[in-house]
Amino acid sequence: MAQTVVVTSGKGGVGKTTTSAAFASGLAQRGYRTVVIDFDVGLRNLDLVMGCERRVVYDFINVIHGEARLQQALIRDKMLENLYILPTSQTRDKDALTTDGVARVMEELQTQFDYIVCDSPAGIESGALRALYHADAAIVVTNPEVSSVRDSDRILGILAARSKRAEEGAEPIREHLLLTRYAPKRVQGGEMLSLDDVQELLRIPLLGVIPESEVILQASNQGIPAIHMQGTDVALAYKDVVARFLGEERPLRFVQPEKTGFFKRLFGG
Amino acid sequence: MNATPTKSTLRLSGGVFTLSILRLTHASAKTLQAELAAQGPALRLVQGAAIILDLTDIDPSLSLPFSEWLTILREAGCFPIGVRNVSDEQAEAAAALGLPHLRGSDAKAASAPPASNTAAGSVFSQPLRSGQRQYARGGDLVCLGAVNAGAEVLADGHVHVYGPLRGRALAGVQGDESARIFCQRLEAELVAIAGVYMTLDAEHPLWGKAAQVSLDGEHLHIIALEN
C-alpha cells in the first residue's frame, strides 16, 4: 500500500510546489517508487519546477474524466527513473476535480507506487480539500511570519476534521511542520518569527527548516528540483527533511546565523 | 435540438416552518387516549395544527401502533405529519402510513461528537485551531490545550482553557451573568460574558498571565488567578 503525503499550507507562495518537487525527488533518490501530483488546477506549476512542461500531453483532469488512461498522463522524471509526475490542467478550474474521480485515480496509483505526494493549491477551497482528503501524512509548509502561521493553523484544523481519516474515525493524519524561507539573521534582528515562536504557536513536530536562498529561484527557473542543487544549503536541508520523514535522526542545521570570519569582515564578503 | 421548451406547472421551493412536537413516552395507544382525555384543555393549543411525533423515550426495538395513534390524534383535532428519533424499522412502519422520518436534530442519527459531552459540559483535549468554533450548550466548556488565534469557544456556562487562550472566548452566551472565563495564559482577541465583550491586546497588565474574567453589572473584570 502506498503512503499518501499532502504538501499544504493554506497560504500561497510559501514553497509548497518547491517542497513537493524536492521531497518527491528525495524519496525517489532513496529508491522508493514515487509519484507527485499537481492539484493546483488552472495554475499548473509543478511541471515547470520539475522541468517537464514540454512533455505534458494528457493530465490529471483528463484521467479523472476518462479521456486518457493513467499511464498516458504519468510523466517519467528526467533525472530519476522511479519518479513520476502527474501534471494538472492549465485550462480547467478546480471544479474539474470530482470527489469520485480523484478517489479512483488515487486507488489506481496506490497499487503502483510506494509514495504519492500531493501538491496542494493555496486556500481552503475544494482544490485544497481534495488534495488533503486521502492523506496519511501532511507536510505543513510555513514561513516565519504571522499570516503564514495563522493559515497553517487553519489548515491543521481542516486536516483534523475534513480528511478521509477523520471522516472514517481512523488514526489521524501524521502532521509535520516544515519551516521554509528561514533567515536566521533576520530572526535575530526581530524581523521574522523564530523557529521557537512558530513551534509554540502550531505545536506539531518539526520536520525541518529550509533556509532562505537564491538557489531556490535558480532551481525553479531551470526546472530542477532544489534537492539536486549539489553542495547548497537548500539541497542538504531537503535531504535532511526526507531522512527525518523516513524516521532517521538528523541534527537541525541552518538555524543559526552564519558567523562572518575575521578577514571577511575586514575586506568585505 | 428539436425539443421545444415547455413551461412546467410545478415549482419546487423551500421554506422553514415552526411545528409543535409531541413527545410520546409510552408505546401504547390506550395510554395516549387516556392522556389526551385527561389533558384536554392543554391540547387546545395544537388544535388544527400539524405536529411531529418525537419518540426519543421509546425503545427503538418496539413495533409501534402508528395507525391507532393517527386515528386518536386526528380525532383530538391535530394532524401528525412526521416522526423523529425513531429506529429504521419504526421509520419504515411510519412511512407506510404517510409519516416521513424527519432527521433534522435527530439524536439517534447524530454522529459521535468529537469531545466528551456530559451534563457537566464539553471537554476538548486537542488544541482548537484558527477557524474552529466550539459551543458547549447548557454547560461549561473545558479546553485542555490551546485556543489559537482565530478560534472561538462558547459556553452557556463557564469557559476553562488550560493552554494559552489566543482566540475568542464567550461565556454565558444565553445570558447567564454569573458565568466566568478562566485561563492559564490570557492572550485572547476577545472575551465576552452574557453579551458584554471586550477586546484585548498585549498592553493589558495581565497579558500572558493566568487570569479570570467575570461580569459585574455592565463591566468585565479581569483579575489574576491566584495560586
# chains A, B, ... in the order shown; residues from 1 in each chain; ligands from 1
$ closest_atom_pairs --of "chain A" --to "chain B" --cutoff "7 Å" --atoms "only C-alpha atoms" --output "JSON lines"
{"residue": "A:Arg150", "atom": "CA", "partner": "B:Ser130", "partner_atom": "CA", "distance": 6.7}
{"residue": "A:Asp153", "atom": "CA", "partner": "B:Ser130", "partner_atom": "CA", "distance": 5.6}
{"residue": "A:Arg154", "atom": "CA", "partner": "B:Ser130", "partner_atom": "CA", "distance": 4.6}
{"residue": "A:Gly157", "atom": "CA", "partner": "B:Arg129", "partner_atom": "CA", "distance": 5.4}
$ residues_around --residues "Ala166 in chain A" --least-positions-apart "2" --cutoff "12 Å" --atoms "only C-alpha atoms" --output "list in words"
Leu132, Tyr133, His134, Ala135, Asp136, Gly157, Ile158, Leu159, Ala160, Ala161, Arg162, Ser163, Lys164, Glu168, Gly169, Ala170, Glu171, Pro172, Ile173 and Arg174 of chain A; Pro114 of chain B
$ write_last_selection --atoms "all heavy atoms" --output "compact mmCIF listing (two decimals), in the first residue's frame"
# COMPACT_ATOMS: atom_id res chain seq x y z
N LEU A 132 -5.96 17.13 0.25
CA LEU A 132 -5.64 16.58 1.58
C LEU A 132 -6.52 15.41 1.97
O LEU A 132 -6.23 14.69 2.92
CB LEU A 132 -5.70 17.69 2.64
CG LEU A 132 -7.03 18.36 2.99
CD1 LEU A 132 -7.87 17.51 3.93
CD2 LEU A 132 -6.79 19.72 3.61
N TYR A 133 -7.62 15.19 1.23
CA TYR A 133 -8.63 14.22 1.65
C TYR A 133 -8.05 12.81 1.86
O TYR A 133 -8.35 12.13 2.82
CB TYR A 133 -9.77 14.18 0.63
CG TYR A 133 -10.92 13.30 1.06
CD1 TYR A 133 -11.76 13.70 2.09
CD2 TYR A 133 -11.13 12.05 0.48
CE1 TYR A 133 -12.80 12.90 2.51
CE2 TYR A 133 -12.17 11.24 0.90
CZ TYR A 133 -13.00 11.68 1.92
OH TYR A 133 -14.03 10.87 2.35
N HIS A 134 -7.19 12.37 0.95
CA HIS A 134 -6.71 10.99 1.01
C HIS A 134 -5.42 10.82 1.81
O HIS A 134 -4.86 9.74 1.85
CB HIS A 134 -6.49 10.46 -0.41
CG HIS A 134 -7.77 10.34 -1.18
ND1 HIS A 134 -8.57 9.24 -1.12
CD2 HIS A 134 -8.39 11.21 -2.01
CE1 HIS A 134 -9.64 9.42 -1.87
NE2 HIS A 134 -9.55 10.62 -2.42
N ALA A 135 -4.94 11.90 2.43
CA ALA A 135 -3.60 11.88 3.02
C ALA A 135 -3.47 10.94 4.23
O ALA A 135 -4.40 10.79 5.02
CB ALA A 135 -3.21 13.29 3.42
N ASP A 136 -2.29 10.32 4.33
CA ASP A 136 -1.89 9.60 5.54
C ASP A 136 -0.98 10.49 6.38
O ASP A 136 -0.92 10.37 7.59
CB ASP A 136 -1.12 8.33 5.18
CG ASP A 136 -1.95 7.40 4.31
OD1 ASP A 136 -3.08 7.07 4.73
OD2 ASP A 136 -1.49 7.02 3.21
N GLY A 157 -6.42 22.52 11.40
CA GLY A 157 -7.79 22.26 11.86
C GLY A 157 -8.59 21.50 10.81
O GLY A 157 -9.34 20.58 11.13
N ILE A 158 -8.39 21.87 9.55
CA ILE A 158 -9.12 21.21 8.47
C ILE A 158 -8.62 19.78 8.27
O ILE A 158 -9.40 18.86 8.07
CB ILE A 158 -9.00 22.04 7.17
CG1 ILE A 158 -9.77 23.36 7.35
CG2 ILE A 158 -9.51 21.27 5.96
CD1 ILE A 158 -9.59 24.36 6.25
N LEU A 159 -7.31 19.58 8.40
CA LEU A 159 -6.75 18.23 8.29
C LEU A 159 -7.38 17.32 9.35
O LEU A 159 -7.66 16.15 9.09
CB LEU A 159 -5.23 18.26 8.53
CG LEU A 159 -4.36 18.70 7.37
CD1 LEU A 159 -2.94 18.95 7.86
CD2 LEU A 159 -4.36 17.66 6.26
N ALA A 160 -7.60 17.88 10.54
CA ALA A 160 -8.13 17.07 11.64
C ALA A 160 -9.62 16.81 11.49
O ALA A 160 -10.16 15.92 12.14
CB ALA A 160 -7.85 17.77 12.97
N ALA A 161 -10.30 17.59 10.64
CA ALA A 161 -11.77 17.46 10.58
C ALA A 161 -12.30 16.96 9.25
O ALA A 161 -13.32 16.28 9.21
CB ALA A 161 -12.40 18.81 10.90
N ARG A 162 -11.62 17.27 8.13
CA ARG A 162 -12.26 17.04 6.84
C ARG A 162 -11.57 15.99 5.98
O ARG A 162 -11.92 15.83 4.82
CB ARG A 162 -12.32 18.36 6.04
CG ARG A 162 -12.77 19.57 6.84
CD ARG A 162 -14.21 19.95 6.66
NE ARG A 162 -14.72 19.96 5.32
CZ ARG A 162 -15.02 21.06 4.64
NH1 ARG A 162 -14.77 22.23 5.17
NH2 ARG A 162 -15.55 20.97 3.45
N SER A 163 -10.57 15.30 6.51
CA SER A 163 -9.90 14.28 5.70
C SER A 163 -10.69 12.98 5.75
O SER A 163 -11.60 12.81 6.56
CB SER A 163 -8.50 14.04 6.25
OG SER A 163 -8.60 13.45 7.52
N LYS A 164 -10.29 12.05 4.88
CA LYS A 164 -10.93 10.74 4.86
C LYS A 164 -10.71 10.04 6.20
O LYS A 164 -11.62 9.43 6.75
CB LYS A 164 -10.31 9.92 3.72
CG LYS A 164 -11.00 8.62 3.46
CD LYS A 164 -10.42 7.96 2.22
CE LYS A 164 -11.14 6.66 1.95
NZ LYS A 164 -10.30 5.74 1.18
N GLU A 168 -13.66 8.75 8.63
CA GLU A 168 -13.83 7.33 8.95
C GLU A 168 -13.47 7.03 10.39
O GLU A 168 -13.55 5.88 10.83
CB GLU A 168 -12.96 6.49 8.00
CG GLU A 168 -13.51 6.47 6.59
CD GLU A 168 -12.59 5.78 5.61
OE1 GLU A 168 -11.45 5.42 6.01
OE2 GLU A 168 -13.00 5.59 4.45
N GLY A 169 -13.03 8.03 11.12
CA GLY A 169 -12.64 7.83 12.52
C GLY A 169 -11.36 7.01 12.65
O GLY A 169 -11.12 6.38 13.69
N ALA A 170 -10.55 6.97 11.60
CA ALA A 170 -9.28 6.23 11.65
C ALA A 170 -8.24 7.06 12.39
O ALA A 170 -8.51 8.18 12.82
CB ALA A 170 -8.81 5.94 10.23
N GLU A 171 -7.05 6.48 12.54
CA GLU A 171 -5.95 7.20 13.17
C GLU A 171 -5.73 8.52 12.42
O GLU A 171 -5.73 8.54 11.20
CB GLU A 171 -4.69 6.33 13.05
CG GLU A 171 -3.68 6.55 14.15
CD GLU A 171 -2.49 5.63 13.94
OE1 GLU A 171 -2.71 4.39 13.89
OE2 GLU A 171 -1.38 6.14 13.80
N PRO A 172 -5.52 9.62 13.16
CA PRO A 172 -5.40 10.91 12.46
C PRO A 172 -4.18 11.00 11.55
O PRO A 172 -3.22 10.23 11.70
CB PRO A 172 -5.30 11.93 13.58
CG PRO A 172 -5.22 11.19 14.85
CD PRO A 172 -5.46 9.75 14.60
N ILE A 173 -4.22 11.96 10.62
CA ILE A 173 -3.10 12.23 9.71
C ILE A 173 -1.87 12.62 10.53
O ILE A 173 -1.97 13.38 11.48
CB ILE A 173 -3.50 13.38 8.77
CG1 ILE A 173 -4.62 12.92 7.84
CG2 ILE A 173 -2.30 13.89 7.97
CD1 ILE A 173 -5.12 14.01 6.90
N ARG A 174 -0.70 12.07 10.15
CA ARG A 174 0.55 12.49 10.81
C ARG A 174 0.91 13.88 10.31
O ARG A 174 1.02 14.11 9.12
CB ARG A 174 1.69 11.52 10.45
CG ARG A 174 1.76 10.31 11.38
CD ARG A 174 3.02 9.51 11.09
NE ARG A 174 3.02 8.97 9.75
CZ ARG A 174 4.02 9.09 8.89
NH1 ARG A 174 5.11 9.75 9.22
NH2 ARG A 174 3.94 8.56 7.69
N PRO B 114 -16.98 15.09 18.71
CA PRO B 114 -15.55 14.92 18.85
C PRO B 114 -15.08 15.01 20.30
O PRO B 114 -14.05 14.49 20.66
CB PRO B 114 -14.96 16.07 18.02
CG PRO B 114 -16.06 17.08 17.95
CD PRO B 114 -17.33 16.34 18.04
$ select_by_dssp --residues "range 12-205 of chain B" --states "strand (DSSP E)" --output "PyMOL selection string"
chain B and resi 20-23+50-54+79-84+116-118+121-124+133-136+140-143+152-155+159-165+168-171+181-186+190-193+196-199
$ closest_residue --among "A:Leu236, A:Arg130, A:Asp59, A:Asp114" --to "Thr99 in chain A" --atoms "only C-alpha atoms"
A:Arg130
$ atom_distance --atom1 "CA of Leu73 in chain B" --atom2 "CA of Ile58 in chain B"
18.0 Å
$ closest_residue --among "B:Gln134, B:Ser122, B:Thr199, B:Ser214" --to "Glu177 in chain B" --atoms "only C-alpha atoms"
B:Ser214
$ residues_around --residues "Gly123 in chain A" --least-positions-apart "5" --cutoff "7 Å" --atoms "only C-alpha atoms" --output "PyMOL selection string"
chain A and resi 10-11+128
$ atom_distance --atom1 "CA of Asp201 in chain B" --atom2 "CA of Arg168 in chain B"
12.3 Å
$ atom_distance --atom1 "CA of Arg133 in chain B" --atom2 "CA of Leu170 in chain B"
11.0 Å
$ residues_around --residues "Arg181 in chain A" --least-positions-apart "4" --cutoff "10 Å" --atoms "only C-alpha atoms" --output "PyMOL selection string"
chain A and resi 14-15+142-144+209-213+216+234
$ write_last_selection --atoms "all heavy atoms" --output "mmCIF file, in the first residue's frame"
data_model
loop_
_atom_site.group_PDB
_atom_site.id
_atom_site.type_symbol
_atom_site.label_atom_id
_atom_site.label_comp_id
_atom_site.auth_asym_id
_atom_site.auth_seq_id
_atom_site.Cartn_x
_atom_site.Cartn_y
_atom_site.Cartn_z
ATOM 1 N N VAL A 14 4.461 30.097 -0.270
ATOM 2 C CA VAL A 14 5.356 29.762 0.846
ATOM 3 C C VAL A 14 6.355 28.659 0.481
ATOM 4 O O VAL A 14 7.328 28.451 1.194
ATOM 5 C CB VAL A 14 4.574 29.344 2.110
ATOM 6 C CG1 VAL A 14 3.767 30.501 2.643
ATOM 7 C CG2 VAL A 14 3.679 28.160 1.850
ATOM 8 N N GLY A 15 6.112 27.973 -0.644
ATOM 9 C CA GLY A 15 7.058 26.955 -1.077
ATOM 10 C C GLY A 15 6.484 25.547 -1.161
ATOM 11 O O GLY A 15 7.225 24.571 -1.066
ATOM 12 N N THR A 142 5.358 26.346 6.151
ATOM 13 C CA THR A 142 5.075 27.611 6.825
ATOM 14 C C THR A 142 6.273 28.543 6.706
ATOM 15 O O THR A 142 7.413 28.096 6.826
ATOM 16 C CB THR A 142 4.789 27.341 8.319
ATOM 17 O OG1 THR A 142 3.770 26.357 8.426
ATOM 18 C CG2 THR A 142 4.340 28.603 9.041
ATOM 19 N N ASN A 143 6.025 29.820 6.463
ATOM 20 C CA ASN A 143 7.077 30.830 6.502
ATOM 21 C C ASN A 143 7.070 31.462 7.890
ATOM 22 O O ASN A 143 6.029 31.511 8.534
ATOM 23 C CB ASN A 143 6.813 31.931 5.464
ATOM 24 C CG ASN A 143 7.085 31.468 4.042
ATOM 25 O OD1 ASN A 143 6.757 32.153 3.087
ATOM 26 N ND2 ASN A 143 7.682 30.293 3.880
ATOM 27 N N PRO A 144 8.229 31.979 8.323
ATOM 28 C CA PRO A 144 8.273 32.554 9.665
ATOM 29 C C PRO A 144 7.632 33.935 9.743
ATOM 30 O O PRO A 144 8.288 34.915 10.065
ATOM 31 C CB PRO A 144 9.777 32.608 9.985
ATOM 32 C CG PRO A 144 10.455 32.541 8.681
ATOM 33 C CD PRO A 144 9.542 31.937 7.682
ATOM 34 N N VAL A 209 13.935 22.692 8.591
ATOM 35 C CA VAL A 209 13.983 24.127 8.321
ATOM 36 C C VAL A 209 14.755 24.311 7.017
ATOM 37 O O VAL A 209 15.865 23.809 6.870
ATOM 38 C CB VAL A 209 14.702 24.880 9.459
ATOM 39 C CG1 VAL A 209 14.840 26.355 9.116
ATOM 40 C CG2 VAL A 209 13.959 24.707 10.774
ATOM 41 N N ILE A 210 14.152 24.996 6.047
ATOM 42 C CA ILE A 210 14.824 25.274 4.774
ATOM 43 C C ILE A 210 15.257 26.735 4.789
ATOM 44 O O ILE A 210 14.408 27.623 4.951
ATOM 45 C CB ILE A 210 13.884 25.032 3.570
ATOM 46 C CG1 ILE A 210 13.198 23.668 3.660
ATOM 47 C CG2 ILE A 210 14.633 25.200 2.242
ATOM 48 C CD1 ILE A 210 14.116 22.482 3.575
ATOM 49 N N PRO A 211 16.549 27.010 4.650
ATOM 50 C CA PRO A 211 16.983 28.397 4.724
ATOM 51 C C PRO A 211 16.538 29.187 3.498
ATOM 52 O O PRO A 211 16.372 28.632 2.410
ATOM 53 C CB PRO A 211 18.507 28.281 4.773
ATOM 54 C CG PRO A 211 18.829 26.970 4.155
ATOM 55 C CD PRO A 211 17.670 26.065 4.428
ATOM 56 N N GLU A 212 16.347 30.489 3.701
ATOM 57 C CA GLU A 212 16.058 31.411 2.594
ATOM 58 C C GLU A 212 17.288 31.417 1.684
ATOM 59 O O GLU A 212 18.416 31.526 2.167
ATOM 60 C CB GLU A 212 15.818 32.809 3.199
ATOM 61 C CG GLU A 212 15.780 33.944 2.212
ATOM 62 C CD GLU A 212 14.392 34.190 1.681
ATOM 63 O OE1 GLU A 212 13.808 33.243 1.144
ATOM 64 O OE2 GLU A 212 13.898 35.320 1.803
ATOM 65 N N SER A 213 17.077 31.254 0.373
ATOM 66 C CA SER A 213 18.238 31.162 -0.505
ATOM 67 C C SER A 213 17.884 31.485 -1.943
ATOM 68 O O SER A 213 16.783 31.182 -2.405
ATOM 69 C CB SER A 213 18.812 29.743 -0.430
ATOM 70 O OG SER A 213 19.754 29.549 -1.443
ATOM 71 N N ILE A 216 16.873 28.555 -4.603
ATOM 72 C CA ILE A 216 15.510 28.106 -4.889
ATOM 73 C C ILE A 216 15.029 28.706 -6.209
ATOM 74 O O ILE A 216 14.482 28.007 -7.062
ATOM 75 C CB ILE A 216 14.542 28.536 -3.754
ATOM 76 C CG1 ILE A 216 14.970 27.933 -2.422
ATOM 77 C CG2 ILE A 216 13.106 28.212 -4.104
ATOM 78 C CD1 ILE A 216 14.459 26.562 -2.126
ATOM 79 N N VAL A 234 20.304 24.494 0.696
ATOM 80 C CA VAL A 234 18.932 24.093 0.432
ATOM 81 C C VAL A 234 18.839 22.595 0.118
ATOM 82 O O VAL A 234 17.991 21.885 0.649
ATOM 83 C CB VAL A 234 18.368 24.920 -0.746
ATOM 84 C CG1 VAL A 234 17.038 24.373 -1.205
ATOM 85 C CG2 VAL A 234 18.225 26.382 -0.327
#
$ residues_around --residues "Met1 in chain A" --least-positions-apart "5" --cutoff "8 Å" --atoms "only C-alpha atoms" --output "VMD selection string"
chain A and resid 110 to 111 113 to 114
$ write_last_selection --atoms "N, CA, C and O atoms" --output "tab-separated table (two decimals), in the first residue's frame"
chain	number	residue	atom	x	y	z
A	110	GLN	N	-2.24	3.80	-5.88
A	110	GLN	CA	-1.89	3.02	-4.69
A	110	GLN	C	-1.18	1.71	-5.03
A	110	GLN	O	-0.27	1.30	-4.35
A	111	THR	N	-1.65	1.09	-6.10
A	111	THR	CA	-1.12	-0.24	-6.43
A	111	THR	C	0.24	-0.15	-7.12
A	111	THR	O	0.95	-1.14	-7.20
A	113	PHE	N	2.70	2.52	-6.64
A	113	PHE	CA	3.75	3.35	-6.04
A	113	PHE	C	3.91	3.08	-4.54
A	113	PHE	O	3.04	2.49	-3.90
A	114	ASP	N	5.07	3.53	-4.01
A	114	ASP	CA	5.30	3.48	-2.56
A	114	ASP	C	4.83	4.77	-1.91
A	114	ASP	O	4.31	4.76	-0.80
$ select_by_dssp --residues "range 4-223 of chain B" --states "helix (DSSP H, G or I)" --output "PyMOL selection string"
chain B and resi 29-38+40-46+66-75+88-96
$ closest_residue --among "A:Ala73, A:Val36, A:Val141, A:Val41" --to "Tyr182 in chain A" --atoms "only C-alpha atoms"
A:Val141
$ residues_around --residues "Phe66 in chain B" --least-positions-apart "5" --cutoff "10 Å" --atoms "only C-alpha atoms" --output "ChimeraX atom specification"
/B:27-29,71-72,83,90,93-97,99
$ write_last_selection --atoms "C-alpha atoms" --output "short mmCIF file (atom, residue, chain, number, x, y, z; two decimals), in the first residue's frame"
data_model
loop_
_atom_site.label_atom_id
_atom_site.label_comp_id
_atom_site.auth_asym_id
_atom_site.auth_seq_id
_atom_site.Cartn_x
_atom_site.Cartn_y
_atom_site.Cartn_z
CA ALA B 27 -45.77 2.77 23.27
CA SER B 28 -49.47 2.03 23.77
CA ALA B 29 -52.49 3.51 22.04
CA THR B 71 -56.74 7.91 14.47
CA ILE B 72 -56.68 9.09 18.09
CA VAL B 83 -41.92 11.25 13.16
CA GLN B 90 -40.11 2.16 13.14
CA ALA B 93 -43.77 1.44 9.57
CA ALA B 94 -44.48 5.18 9.92
CA ALA B 95 -43.62 5.82 6.28
CA ALA B 96 -46.16 3.18 5.23
CA LEU B 97 -48.83 5.38 6.84
CA LEU B 99 -45.48 9.78 8.09
#
$ closest_residue --among "A:Gly42, A:Gly13, A:Leu201, A:Tyr115" --to "Arg30 in chain A" --atoms "only C-alpha atoms"
A:Tyr115
$ closest_residue --among "B:Gly82, B:Gly15, B:Gly121, B:Pro60" --to "Val159 in chain B" --atoms "only C-alpha atoms"
B:Gly121
